[in-house]
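First up is the structure itself, then whatever we jot down about it.
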Amino acid sequence: MLVATRCPACGRPHSWNVGTRRPPDGGQVAHFLVPAARMWDDVVHTCRHQRLFCSEDCVDEWLRATGSARGYVMDLTTLWRFAAHWYDGRLDRGYVRRDPGQAKQYLRSVGLSGPFWGL
């Protein structure tokens, strides 16, 4: 799948061919302004502020320009690993949404832990 966007700080275009076998190549980073524990408080605001940047320098530039506080920054490999498991099982018959404790345990089981998820 082709994913294309522009860096919110400098406007540089980016594109990746993203698949299921390995993370995309690139030194870009994702910035999540809203911590995972607060995402459902305002989903529109949360989604609007999950952005891909050229680098952490561009994140810092954007934060200065917008007056926003720094959120969680992850590299493309971590983002890919997170996204690869985000919808695990959700299309299976009988899927039951995980409660926060189960989600926390599941993310740990696939190697994703840290301050972003409150783990």
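Following the order of the structure tokens, first chain is A, next is B, and so on, with residues numbered from 1 inside each chain and ligands from 1 in the order they appear.
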What's around segment 86-89 of chain A at 12 Å? Count only C-alpha atoms, leave out sequence neighbours fewer than 3 positions away in its own chain, and write the answer as a PyMOL selection string.
chain A and resi 79-83+92-98+103-104+106-107+110+112
Residues within 12 Å of Asp25 of chain A, please, as a ChimeraX atom specification. Count only C-alpha atoms; anything in the same chain fewer than 4 positions from it doesn't count.
/A:14-19,29,75-80
Given only C-alpha atoms as the basis, pick out the residue of A:His85, A:Arg51, A:Arg22, A:Arg12 nearest to Tyr72 of chain A.
A:Arg51
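With only C-alpha atoms as the basis for measurement, A:His49 is the residue among A:Arg90, A:Asp99, A:His49, A:Pro13 that approaches Ser68 of chain A most closely.
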Report the residues of segment 13-74 of chain A whose backbone DSSP state falls under strand (DSSP E), written as an mmCIF file with N, CA and C atoms, in the first residue's frame.
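Once everything was written out, this is states.cif:
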data_model
loop_
_atom_site.group_PDB
_atom_site.id
_atom_site.type_symbol
_atom_site.label_atom_id
_atom_site.label_comp_id
_atom_site.auth_asym_id
_atom_site.auth_seq_id
_atom_site.Cartn_x
_atom_site.Cartn_y
_atom_site.Cartn_z
ATOM 1 N N PRO A 13 7.653 16.398 0.928
ATOM 2 C CA PRO A 13 6.800 15.232 0.668
ATOM 3 C C PRO A 13 7.503 13.927 1.049
ATOM 4 N N HIS A 14 6.722 12.981 1.512
ATOM 5 C CA HIS A 14 7.217 11.651 1.861
ATOM 6 C C HIS A 14 6.258 10.617 1.300
ATOM 7 N N SER A 15 6.802 9.467 0.911
ATOM 8 C CA SER A 15 5.952 8.348 0.505
ATOM 9 C C SER A 15 6.683 7.047 0.804
ATOM 10 N N TRP A 16 5.894 6.039 1.125
ATOM 11 C CA TRP A 16 6.427 4.721 1.439
ATOM 12 C C TRP A 16 5.507 3.678 0.844
ATOM 13 N N ASN A 17 6.092 2.572 0.412
ATOM 14 C CA ASN A 17 5.319 1.382 0.078
ATOM 15 C C ASN A 17 5.321 0.531 1.339
ATOM 16 N N VAL A 29 9.982 10.169 11.530
ATOM 17 C CA VAL A 29 9.425 9.814 12.828
ATOM 18 C C VAL A 29 7.948 10.181 12.874
ATOM 19 N N ALA A 30 7.233 9.480 13.739
ATOM 20 C CA ALA A 30 5.829 9.794 14.005
ATOM 21 C C ALA A 30 5.759 10.515 15.346
ATOM 22 N N HIS A 31 4.912 11.527 15.415
ATOM 23 C CA HIS A 31 4.707 12.251 16.674
ATOM 24 C C HIS A 31 3.230 12.133 17.042
ATOM 25 N N PHE A 32 2.987 11.666 18.267
ATOM 26 C CA PHE A 32 1.640 11.541 18.807
ATOM 27 C C PHE A 32 1.507 12.573 19.912
ATOM 28 N N GLN A 50 -1.723 13.153 15.053
ATOM 29 C CA GLN A 50 -0.845 11.999 14.879
ATOM 30 C C GLN A 50 -0.192 12.205 13.514
ATOM 31 N N ARG A 51 1.038 12.680 13.514
ATOM 32 C CA ARG A 51 1.653 13.158 12.270
ATOM 33 C C ARG A 51 3.022 12.537 12.034
ATOM 34 N N LEU A 52 3.412 12.494 10.766
ATOM 35 C CA LEU A 52 4.735 12.006 10.367
ATOM 36 C C LEU A 52 5.609 13.199 9.992
ATOM 37 N N PHE A 53 6.826 13.200 10.515
ATOM 38 C CA PHE A 53 7.777 14.297 10.318
ATOM 39 C C PHE A 53 9.076 13.771 9.718
ATOM 40 N N TYR A 72 4.649 11.905 22.208
ATOM 41 C CA TYR A 72 5.480 10.711 22.065
ATOM 42 C C TYR A 72 5.988 10.616 20.629
ATOM 43 N N VAL A 73 7.285 10.390 20.466
ATOM 44 C CA VAL A 73 7.894 10.265 19.146
ATOM 45 C C VAL A 73 8.379 8.832 18.975
ATOM 46 N N MET A 74 8.069 8.238 17.830
ATOM 47 C CA MET A 74 8.561 6.888 17.536
ATOM 48 C C MET A 74 9.080 6.824 16.106
#
Can you tell me, as a PyMOL selection string, which residues in chain A count as helix (DSSP H, G or I) by DSSP?
chain A and resi 36-41+43-48+56-66+76-86+100-109
At what distance in Å, to one decimal, does atom CA of Ala37 of chain A lie from atom CA of Pro24 of chain A?
27.0 Å
